[in-house]
Number of protein chains: 2
Amino acid sequence: MPKKAVKTVKRAEAPEKTMVENVARVVIEKVSPEIDGGRFPVKRVTGEPVRVEADIFADGHDELLAFMLHRRDGDPDWTRVPMRTLGNDRWNAEFTVTGPGLYFYTVEARLDPFLTWLRDLKKRLEAGQDLRVEFMAGAGLISEAAGRAAGTAADARRLKELARDIGAGGDQREKAARLADAELMGLVSRWGDDTALVRYGRELEVTADRVKARFSTWYELFPRSVSSRPGKHGTFNDLIARLPYISEMGFDVLYLPPIHPVGTTNRKGRNNSLTAKPGEPGSPWAIGDRTGGHKAVNPELGTPEDFKKLVEAAGEHGLEIALDIALQCSPDHPWLKEHPEWFLKRPDGSLRCAENPPKKYEDIYPLDFACKDWKPLWDEVKSVFEFWAGQGVRIFRVDNPHTKPFALWEWLIRELRRENPDLIFLAEAFTRPKVMYRLAKAGFTQSYNYFPWRNSKWELETYFTELARTEPKEFLRPNLWANTPDILTEYLQFGGRPAFMVRHALAATLGASYGIYGPAFELCEREPRMPGCEDYKDSEKYELKSWPLDRKDSLKDFIGRVNRIRRENPALQSDRNLRFYRTNNEQLICYSKHEGDNLVMVIVNLDPDHKQSGLVELPLHLLGLSEDKPYQMHDLLADRHFLWRGPKNYVELDPHKLPAHIFRLRRYVRTERDFDYFL
Amino acid sequence: MPKKAVKTVKRAEAPEKTMVENVARVVIEKVSPEIDGGRFPVKRVTGEPVRVEADIFADGHDELLAFMLHRRDGDPDWTRVPMRTLGNDRWNAEFTVTGPGLYFYTVEARLDPFLTWLRDLKKRLEAGQDLRVEFMAGAGLISEAAGRAAGTAADARRLKELARDIGAGGDQREKAARLADAELMGLVSRWGDDTALVRYGRELEVTADRVKARFSTWYELFPRSVSSRPGKHGTFNDLIARLPYISEMGFDVLYLPPIHPVGTTNRKGRNNSLTAKPGEPGSPWAIGDRTGGHKAVNPELGTPEDFKKLVEAAGEHGLEIALDIALQCSPDHPWLKEHPEWFLKRPDGSLRCAENPPKKYEDIYPLDFACKDWKPLWDEVKSVFEFWAGQGVRIFRVDNPHTKPFALWEWLIRELRRENPDLIFLAEAFTRPKVMYRLAKAGFTQSYNYFPWRNSKWELETYFTELARTEPKEFLRPNLWANTPDILTEYLQFGGRPAFMVRHALAATLGASYGIYGPAFELCEREPRMPGCEDYKDSEKYELKSWPLDRKDSLKDFIGRVNRIRRENPALQSDRNLRFYRTNNEQLICYSKHEGDNLVMVIVNLDPDHKQSGLVELPLHLLGLSEDKPYQMHDLLADRHFLWRGPKNYVELDPHKLPAHIFRLRRYVRTERDFDYFL
């Protein structure tokens, strides 16, 4: 392949011509990445490469040149990068996204008669053939290149000289030797016949986000419970006082359930009872009262100004506020009066409340996004996001997006990101896999997923291999929640404090993004509303809580240590670099992530009750380790060093002490006197 | 799912709407089969089903109805078939192609509010809720259906009655019970709101061929060598006399190398020497002399009338004639004078002969299919095929299609099949895999492939699993050649007669279509032109041969037996039903094909030199066999019966006797007195 400088080309609309209408001989197919035939973009973050591959070939035996074209949205021209052949007619090239926004890429290729000629010339020369006429043919091709180079005088001159030289008489071996000049040959290719280029029929798209889209550490908390005085409703100001506590644990996103006024009609009481007693705060997801709806702030939390102060104060502690957007209304929401046409009616004229038969949610009414007059509703929803973006919110957690049309999200997220490409949207869709995938394809930046219910080694390996290694890796970024206000899994209920450590270690190392709902999590709150149920007893969703943050058994320090390890090890900040390894104990799971020199190896004892031990088996050659040299396993969690040798090594993990190793693996570099050095 | 009669719908053009322009909530994606986003058709033969699958889902929890639409080319209306849900949002339905031609299919779906209502009603009833208003809602939905049924009085009347009944008072359990009437419920669905249907964005295509496209048994022969008098040029009339010999071996396609006049200028002599001695016939692939080109008949073979007689006589012996179309010209071909613009010129004005540098083929000139005036050339090529189709030829073997543009084939085959959908095209492209695949996608009915060089168990299993089980199975039909005039593999050269038996058994049972080049094959001709070379010594390509057909060691009978087994066992007439099994000996390969009750199990000893034995391991449950009952293995080749029991059984094959078992597996049915019956 000739070395060819990146060059820019005018953007041209190239509709897919039928092959019969021209005699283009080059085929470009199986371009990757490509989601559903180009219907959806792939996702990247700033600084990540897009490695573009394609099958490119033609009939016959001619040499090909192939180019990857890419541009950022708004650029008038493509940047063109030569592709390398990988063998078996597969080609590749890559580009890097430089900031949030949209990027496009496609592929072009053409036959290169000069390269074909050059290749054949060498074979003919070796066979001792008379090449007089062949040199004439080559000179002709070079002359054509010179003609195309006319606007660049220096190139044109050099090419004309070359053509004259090659076309003239003289020893053919000497002439052929002169054709070994790579720079000169590159010049001929550079002025090749680009009108012969065949363009792939589709322009493919990349949605680029800021880095936090990929690597984020979430803490969910009910502001209602942050008052220092038990029984008093917490405020934004109280929350500002709580920020150091959250920040010291190493979180960088603080996610708040809806902060809007809570409806009074049919307000839910303690433990989801049908009627609230006086003073009970109700579910924050029953949004709106006569003072306002999705753009208003619950006065019990403070004023809009207080909220802005919170956003700023959070920023000073390295925390971004994520708001919960739950598109539903309490019976008191202003939209019910202003826009009755947005709600579903029953035949008797009453409004239909939210339900999942036979369950009913009497305190909320769903919106009918497919109603006759849907456009004003969609616009209003957009304005809600815009309003909060205007208050400095860059991250939205969207409640139950799978009960609203995919088309709404695709339109909404695209529109919002046009002005605010740094926005992040987390889809809270606990539903069937294909629906979750479609929401991610429609534009959600991150996705809740099945992590809470994947507990065994087989389940974890299967599920995270699917997410990290198969098609979803291009469009779905999992955010792993160890618990949520609605999800207190049986594993946590029965496993005690060690179970919380196990699940935290897994979430934080399997997922570049993960979250916990606190302080319930760090305090290992684990009493369900009733047996066989994943709801919390005395859930904060329906009452104020006062959390004993300083309790001795709090996981605060453990969480802080794990989060520091995440920050210090780039390997843990990506998802596609995950690889599992064999162990001879079903309770021991072992996996690595790597990024450049940074190789992190995690081993977790999945049994929260008993000490487990066994052998871990590493494929040394894949890890760049040699059979006969030791390598160092530095346990970043316990800060202990182990020297391992060979593929099989013994581990032992006691869940009542530390249920996980988070090793940084260091390869043996050299021995100097008494010291071994590891990199 | 309601039972719904197939109904036809008007064909409508449904361009892919952007999701934002409407509020369609249904998503249809990952439709299969679909090749390269619908760019190419899938292939079937008459009577084969097309099993269409799709991911279909919507937001929320509404019930869906999905339909597969199919039509034959020319039909004004779609036939609509309800799809069944397979779980995990996957749906399917199938249709059968009824004859050669083009078929189209796509998928439609919509939400069904009535089914949703019915499902929720049952849940509400079980929860003991008051359903008065719900029954009003249901009555409303049924009334709407009645309105849509207005043109079908009986249906409209029944629906109106139902609506009145459901909407009126009365015991709600009794009313719900009346809604269990499947026929009545089907009626509501049948008159559902079809204007809400969402259509998949693409119409996908099927190329349907006659059955021979899938199941064919080829014999290649040089007519020049069929004279009964040594040294005399064979004729079509001589060939007619040879037909019984070929037919008795069980072949059904007789493929002849080009039958056109052979050029005299630069004619090749014996063993591909540069000059022919007087009387040497030259290569039949050097097509054309002053008497004619691709539409002419070599006078040494006979007249055009003789050829027509041959075609008819062959038909009487159950043989179809396949002609070789080699799109290249001897220096004497009339096209060189009539259309010099179709040929590549060198800078000195001379024509460029065919070459693969440093090799030159001085006796032929290639055509430049991408020449400036390509259209008349393509039309002329088309007229060549049309000419021979007019002479009764329905099968064409195309020489080196990979050195001509893919677009030529895609256009040509589609055009030719428009008038003659029974035509079969075999692509002789021994080239890189993606090029072979693209030719198959472009329209070739069958394809030569790498079978000749796949000799070890691992090679055979890997390659045929790829062809039978992965994407190519939808568009590429392999034709397995044990030898060709250009391919005398080392395995055959060194393995002797047993090697020929091994390769024949493999070709005939791995491939629903296969071929041999005879009589070289049945006479085990195996001397190469020189060591390390796959050409035959004294090849028929350049001289007349006289074959001793009655030699004692001829494989004629063996071949006839294998071909009879192929005809009698439908399992051997398909390719997609192939499955390999474990053996504990690398020289023993074991695989099955099944079709309905017909289960054929083949075991071949790949070692042509030594007896090999070992254990074959069958997954009994997959084969419908029980652990404790015996099953019968009837060796159709040796006509011997074996009783096997359990998963592991011993086999022993002596290549000097019979290197293969071709078992029909019969399951144990019952024992009656002293007899065991097997089916």
# chains A, B, ... in the order shown; residues from 1 in each chain; ligands from 1

call {"tool": "interface_residues", "arguments": {"of": "chain B", "to": "chain A", "cutoff": "7 Å", "atoms": "only C-alpha atoms", "output": "PyMOL selection string"}}
result
chain B and resi 19-20+23+25+37+59-60+120+123-124+127+133+136-137+346-348+357-358+370+402-407+411

call {"tool": "write_last_selection", "arguments": {"atoms": "N, CA, C and O atoms", "output": "mmCIF file, in the first residue's frame"}}
result
data_model
loop_
_atom_site.group_PDB
_atom_site.id
_atom_site.type_symbol
_atom_site.label_atom_id
_atom_site.label_comp_id
_atom_site.auth_asym_id
_atom_site.auth_seq_id
_atom_site.Cartn_x
_atom_site.Cartn_y
_atom_site.Cartn_z
ATOM 1 N N MET B 19 -39.630 7.856 11.394
ATOM 2 C CA MET B 19 -40.440 7.571 12.566
ATOM 3 C C MET B 19 -41.009 8.853 13.160
ATOM 4 O O MET B 19 -42.013 8.833 13.854
ATOM 5 N N VAL B 20 -40.350 9.957 12.898
ATOM 6 C CA VAL B 20 -40.781 11.201 13.514
ATOM 7 C C VAL B 20 -42.012 11.756 12.814
ATOM 8 O O VAL B 20 -42.807 12.467 13.408
ATOM 9 N N VAL B 23 -46.633 8.619 14.362
ATOM 10 C CA VAL B 23 -46.472 8.112 15.716
ATOM 11 C C VAL B 23 -46.672 6.608 15.758
ATOM 12 O O VAL B 23 -47.118 6.052 16.745
ATOM 13 N N ARG B 25 -46.112 3.124 16.558
ATOM 14 C CA ARG B 25 -45.393 2.654 17.739
ATOM 15 C C ARG B 25 -44.754 1.292 17.528
ATOM 16 O O ARG B 25 -43.968 0.843 18.357
ATOM 17 N N GLY B 37 -28.952 -6.438 3.636
ATOM 18 C CA GLY B 37 -29.979 -5.403 3.711
ATOM 19 C C GLY B 37 -30.972 -5.453 2.566
ATOM 20 O O GLY B 37 -31.538 -4.443 2.175
ATOM 21 N N ASP B 59 -43.534 -0.077 22.060
ATOM 22 C CA ASP B 59 -43.413 0.391 23.428
ATOM 23 C C ASP B 59 -44.629 -0.106 24.207
ATOM 24 O O ASP B 59 -45.656 -0.473 23.628
ATOM 25 N N GLY B 60 -44.496 -0.055 25.525
ATOM 26 C CA GLY B 60 -45.646 -0.401 26.357
ATOM 27 C C GLY B 60 -45.943 -1.881 26.372
ATOM 28 O O GLY B 60 -45.074 -2.716 26.128
ATOM 29 N N ASP B 120 -56.357 -7.873 29.333
ATOM 30 C CA ASP B 120 -56.439 -7.145 30.599
ATOM 31 C C ASP B 120 -57.754 -7.458 31.321
ATOM 32 O O ASP B 120 -57.790 -7.506 32.556
ATOM 33 N N LYS B 123 -57.402 -10.434 33.504
ATOM 34 C CA LYS B 123 -56.637 -10.164 34.724
ATOM 35 C C LYS B 123 -57.492 -9.385 35.723
ATOM 36 O O LYS B 123 -57.449 -9.637 36.925
ATOM 37 N N ARG B 124 -58.262 -8.444 35.214
ATOM 38 C CA ARG B 124 -59.096 -7.622 36.095
ATOM 39 C C ARG B 124 -60.205 -8.461 36.736
ATOM 40 O O ARG B 124 -60.564 -8.272 37.890
ATOM 41 N N ALA B 127 -58.913 -10.432 39.495
ATOM 42 C CA ALA B 127 -58.658 -9.592 40.680
ATOM 43 C C ALA B 127 -59.961 -9.090 41.294
ATOM 44 O O ALA B 127 -59.939 -8.324 42.268
ATOM 45 N N VAL B 133 -67.270 -0.265 33.384
ATOM 46 C CA VAL B 133 -66.702 0.673 32.400
ATOM 47 C C VAL B 133 -65.809 -0.058 31.392
ATOM 48 O O VAL B 133 -65.764 0.290 30.208
ATOM 49 N N MET B 136 -67.834 -1.445 28.697
ATOM 50 C CA MET B 136 -68.213 -0.381 27.756
ATOM 51 C C MET B 136 -67.088 -0.128 26.753
ATOM 52 O O MET B 136 -67.312 0.037 25.550
ATOM 53 N N ALA B 137 -65.849 -0.113 27.273
ATOM 54 C CA ALA B 137 -64.700 0.112 26.380
ATOM 55 C C ALA B 137 -64.617 -0.996 25.336
ATOM 56 O O ALA B 137 -64.429 -0.745 24.134
ATOM 57 N N ARG B 346 -2.691 -2.887 -26.625
ATOM 58 C CA ARG B 346 -1.438 -2.448 -26.019
ATOM 59 C C ARG B 346 -0.990 -1.152 -26.714
ATOM 60 O O ARG B 346 -1.510 -0.827 -27.788
ATOM 61 N N PRO B 347 -0.052 -0.415 -26.121
ATOM 62 C CA PRO B 347 0.317 0.888 -26.696
ATOM 63 C C PRO B 347 0.846 0.792 -28.126
ATOM 64 O O PRO B 347 0.776 1.756 -28.876
ATOM 65 N N ASP B 348 1.356 -0.388 -28.519
ATOM 66 C CA ASP B 348 1.859 -0.499 -29.896
ATOM 67 C C ASP B 348 0.749 -0.896 -30.857
ATOM 68 O O ASP B 348 1.010 -1.208 -32.016
ATOM 69 N N PRO B 357 -0.009 -12.549 -15.394
ATOM 70 C CA PRO B 357 1.445 -12.396 -15.453
ATOM 71 C C PRO B 357 2.167 -13.231 -14.392
ATOM 72 O O PRO B 357 1.712 -13.254 -13.246
ATOM 73 N N PRO B 358 3.267 -13.893 -14.725
ATOM 74 C CA PRO B 358 3.899 -13.820 -16.054
ATOM 75 C C PRO B 358 3.303 -14.778 -17.077
ATOM 76 O O PRO B 358 3.793 -14.827 -18.200
ATOM 77 N N ALA B 370 -15.741 -3.684 -19.588
ATOM 78 C CA ALA B 370 -15.910 -2.321 -19.103
ATOM 79 C C ALA B 370 -15.424 -1.324 -20.157
ATOM 80 O O ALA B 370 -15.076 -0.196 -19.844
ATOM 81 N N HIS B 402 -15.475 -14.814 -12.616
ATOM 82 C CA HIS B 402 -14.873 -13.827 -11.715
ATOM 83 C C HIS B 402 -13.919 -12.884 -12.411
ATOM 84 O O HIS B 402 -13.398 -11.985 -11.789
ATOM 85 N N THR B 403 -13.676 -13.103 -13.708
ATOM 86 C CA THR B 403 -12.850 -12.134 -14.425
ATOM 87 C C THR B 403 -13.711 -11.218 -15.296
ATOM 88 O O THR B 403 -13.190 -10.522 -16.163
ATOM 89 N N LYS B 404 -15.013 -11.252 -15.061
ATOM 90 C CA LYS B 404 -15.940 -10.333 -15.743
ATOM 91 C C LYS B 404 -16.719 -9.585 -14.666
ATOM 92 O O LYS B 404 -16.902 -10.102 -13.569
ATOM 93 N N PRO B 405 -17.243 -8.383 -14.985
ATOM 94 C CA PRO B 405 -17.894 -7.585 -13.933
ATOM 95 C C PRO B 405 -19.090 -8.309 -13.303
ATOM 96 O O PRO B 405 -19.881 -8.931 -13.991
ATOM 97 N N PHE B 406 -19.220 -8.163 -11.981
ATOM 98 C CA PHE B 406 -20.385 -8.720 -11.280
ATOM 99 C C PHE B 406 -21.679 -8.163 -11.879
ATOM 100 O O PHE B 406 -22.685 -8.852 -11.981
ATOM 101 N N ALA B 407 -21.609 -6.884 -12.275
ATOM 102 C CA ALA B 407 -22.809 -6.225 -12.800
ATOM 103 C C ALA B 407 -23.290 -6.907 -14.076
ATOM 104 O O ALA B 407 -24.489 -6.968 -14.351
ATOM 105 N N TRP B 411 -27.120 -8.476 -14.237
ATOM 106 C CA TRP B 411 -28.030 -8.028 -15.288
ATOM 107 C C TRP B 411 -28.415 -9.187 -16.206
ATOM 108 O O TRP B 411 -29.589 -9.449 -16.478
#

call {"tool": "residues_around", "arguments": {"residues": "Asp609 of chain B", "least_positions_apart": "2", "cutoff": "10 Å", "atoms": "only C-alpha atoms", "output": "short mmCIF file (atom, residue, chain, number, x, y, z; two decimals) with C-alpha atoms, in the first residue's frame"}}
result
data_model
loop_
_atom_site.label_atom_id
_atom_site.label_comp_id
_atom_site.auth_asym_id
_atom_site.auth_seq_id
_atom_site.Cartn_x
_atom_site.Cartn_y
_atom_site.Cartn_z
CA PHE B 494 -1.19 -40.39 -4.80
CA GLY B 495 -4.15 -42.23 -3.33
CA GLY B 496 -4.93 -44.56 -6.19
CA ARG B 497 -8.30 -46.11 -6.84
CA PRO B 498 -9.41 -45.95 -3.17
CA ALA B 499 -8.81 -42.18 -3.23
CA ASN B 605 -12.43 -43.44 5.83
CA LEU B 606 -10.35 -40.51 4.58
CA ASP B 607 -7.17 -42.58 4.51
CA LYS B 611 -7.92 -49.76 7.10
CA GLN B 612 -9.21 -47.45 9.84
CA ASP B 654 -11.02 -50.86 4.47
CA PRO B 655 -10.35 -48.47 1.57
CA HIS B 656 -9.30 -51.35 -0.63
CA PRO B 659 -14.02 -46.79 2.03
#

call {"tool": "residues_around", "arguments": {"residues": "Asp289 of chain A", "least_positions_apart": "6", "cutoff": "9 Å", "atoms": "only C-alpha atoms", "output": "list in words"}}
result
His260, Pro261, Val262, Gly263, Thr264, Thr265, Cys329, Ser330, Pro331, Asp332, His333 and Pro334 of chain A

call {"tool": "write_last_selection", "arguments": {"atoms": "N, CA and C atoms", "output": "short mmCIF file (atom, residue, chain, number, x, y, z; two decimals), in the first residue's frame"}}
result
data_model
loop_
_atom_site.label_atom_id
_atom_site.label_comp_id
_atom_site.auth_asym_id
_atom_site.auth_seq_id
_atom_site.Cartn_x
_atom_site.Cartn_y
_atom_site.Cartn_z
N HIS A 260 -40.20 17.78 41.71
CA HIS A 260 -41.35 18.65 41.46
C HIS A 260 -42.37 18.56 42.58
N PRO A 261 -43.35 19.48 42.56
CA PRO A 261 -44.45 19.37 43.54
C PRO A 261 -45.10 18.00 43.43
N VAL A 262 -45.48 17.44 44.58
CA VAL A 262 -46.13 16.12 44.62
C VAL A 262 -47.64 16.32 44.74
N GLY A 263 -48.41 15.62 43.92
CA GLY A 263 -49.87 15.74 43.96
C GLY A 263 -50.44 15.38 45.32
N THR A 264 -51.61 15.93 45.60
CA THR A 264 -52.26 15.61 46.87
C THR A 264 -53.40 14.63 46.67
N THR A 265 -54.13 14.75 45.54
CA THR A 265 -55.23 13.82 45.27
C THR A 265 -54.68 12.40 45.12
N CYS A 329 -48.42 12.34 35.32
CA CYS A 329 -48.98 13.46 36.06
C CYS A 329 -49.81 12.98 37.25
N SER A 330 -49.67 13.69 38.34
CA SER A 330 -50.60 13.47 39.44
C SER A 330 -51.95 14.04 39.01
N PRO A 331 -53.03 13.66 39.70
CA PRO A 331 -54.35 14.20 39.32
C PRO A 331 -54.40 15.72 39.43
N ASP A 332 -53.41 16.33 40.07
CA ASP A 332 -53.44 17.77 40.29
C ASP A 332 -52.54 18.55 39.33
N HIS A 333 -51.91 17.84 38.43
CA HIS A 333 -50.96 18.47 37.49
C HIS A 333 -51.70 19.46 36.59
N PRO A 334 -51.14 20.65 36.35
CA PRO A 334 -51.83 21.65 35.53
C PRO A 334 -52.19 21.15 34.12
#

call {"tool": "select_by_dssp", "arguments": {"residues": "segment 139-351 of chain B", "states": "strand (DSSP E)", "output": "PyMOL selection string"}}
result
chain B and resi 198-199+204-209+216-220+253-256+320-325+328-329

call {"tool": "residues_around", "arguments": {"residues": "segment 581-588 of chain B", "least_positions_apart": "3", "cutoff": "12 Å", "atoms": "only C-alpha atoms", "output": "number ranges by chain"}}
result
B: 455-461, 465, 502, 506, 578, 591-593, 601-620, 622-623, 647-655, 659-661

call {"tool": "residues_around", "arguments": {"residues": "Glu428 of chain A", "least_positions_apart": "5", "cutoff": "8 Å", "atoms": "only C-alpha atoms", "output": "PyMOL selection string"}}
result
chain A and resi 397-401+447-448

call {"tool": "write_last_selection", "arguments": {"atoms": "C-alpha atoms", "output": "PDB file, in the first residue's frame"}}
result
ATOM      1  CA  ARG A 397     -32.441   9.801  34.062  1.00  0.00           C
ATOM      2  CA  VAL A 398     -35.635   8.984  32.168  1.00  0.00           C
ATOM      3  CA  ASP A 399     -38.298   7.015  33.992  1.00  0.00           C
ATOM      4  CA  ASN A 400     -39.884   4.097  32.093  1.00  0.00           C
ATOM      5  CA  PRO A 401     -39.011   5.240  28.570  1.00  0.00           C
ATOM      6  CA  SER A 447     -29.117   2.066  29.887  1.00  0.00           C
ATOM      7  CA  TYR A 448     -30.228   0.318  33.021  1.00  0.00           C
TER       8      TYR A 448
END

call {"tool": "select_by_dssp", "arguments": {"residues": "segment 2-113 of chain B", "states": "helix (DSSP H, G or I)", "output": "PyMOL selection string"}}
result
chain B and resi 19-21+36-38+113

call {"tool": "decode", "arguments": {"residues": "segment 494-501 of chain A", "atoms": "all heavy atoms", "output": "CSV table (one decimal), in the first residue's frame"}}
result
chain,number,residue,atom,x,y,z
A,494,PHE,N,-30.7,-11.5,51.5
A,494,PHE,CA,-30.2,-12.7,52.3
A,494,PHE,C,-28.7,-12.8,52.5
A,494,PHE,O,-28.3,-13.5,53.4
A,494,PHE,CB,-30.7,-14.0,51.6
A,494,PHE,CG,-32.2,-14.1,51.6
A,494,PHE,CD1,-32.9,-14.0,50.4
A,494,PHE,CD2,-32.9,-14.3,52.8
A,494,PHE,CE1,-34.3,-14.1,50.4
A,494,PHE,CE2,-34.3,-14.4,52.8
A,494,PHE,CZ,-35.0,-14.3,51.6
A,495,GLY,N,-28.0,-12.0,51.8
A,495,GLY,CA,-26.5,-12.1,51.8
A,495,GLY,C,-25.8,-11.3,52.9
A,495,GLY,O,-24.6,-11.4,53.1
A,496,GLY,N,-26.5,-10.3,53.4
A,496,GLY,CA,-25.9,-9.5,54.4
A,496,GLY,C,-24.9,-8.5,53.9
A,496,GLY,O,-24.8,-8.3,52.7
A,497,ARG,N,-24.1,-8.0,54.8
A,497,ARG,CA,-23.1,-7.0,54.4
A,497,ARG,C,-22.1,-7.5,53.3
A,497,ARG,O,-21.8,-6.8,52.3
A,497,ARG,CB,-22.3,-6.5,55.6
A,497,ARG,CG,-21.4,-5.4,55.4
A,497,ARG,CD,-20.8,-4.9,56.8
A,497,ARG,NE,-20.0,-3.8,56.7
A,497,ARG,CZ,-18.7,-3.9,56.4
A,497,ARG,NH1,-18.1,-5.0,56.3
A,497,ARG,NH2,-17.9,-2.8,56.3
A,498,PRO,N,-21.7,-8.8,53.4
A,498,PRO,CA,-20.8,-9.3,52.4
A,498,PRO,C,-21.4,-9.2,51.0
A,498,PRO,O,-20.8,-9.0,50.0
A,498,PRO,CB,-20.5,-10.7,52.8
A,498,PRO,CG,-20.7,-10.7,54.3
A,498,PRO,CD,-21.8,-9.7,54.5
A,499,ALA,N,-22.7,-9.5,50.9
A,499,ALA,CA,-23.4,-9.5,49.6
A,499,ALA,C,-23.4,-8.1,49.0
A,499,ALA,O,-23.2,-7.9,47.8
A,499,ALA,CB,-24.9,-9.9,49.8
A,500,PHE,N,-23.5,-7.0,49.9
A,500,PHE,CA,-23.4,-5.7,49.4
A,500,PHE,C,-22.0,-5.4,48.8
A,500,PHE,O,-21.9,-4.7,47.8
A,500,PHE,CB,-23.8,-4.7,50.5
A,500,PHE,CG,-25.3,-4.6,50.7
A,500,PHE,CD1,-26.0,-5.6,51.4
A,500,PHE,CD2,-26.0,-3.5,50.2
A,500,PHE,CE1,-27.3,-5.5,51.6
A,500,PHE,CE2,-27.4,-3.4,50.4
A,500,PHE,CZ,-28.0,-4.4,51.1
A,501,MET,N,-21.0,-5.9,49.5
A,501,MET,CA,-19.6,-5.7,49.0
A,501,MET,C,-19.4,-6.4,47.7
A,501,MET,O,-18.8,-5.9,46.7
A,501,MET,CB,-18.6,-6.2,50.0
A,501,MET,CG,-18.6,-5.3,51.3
A,501,MET,SD,-17.7,-6.1,52.6
A,501,MET,CE,-16.0,-5.8,52.1
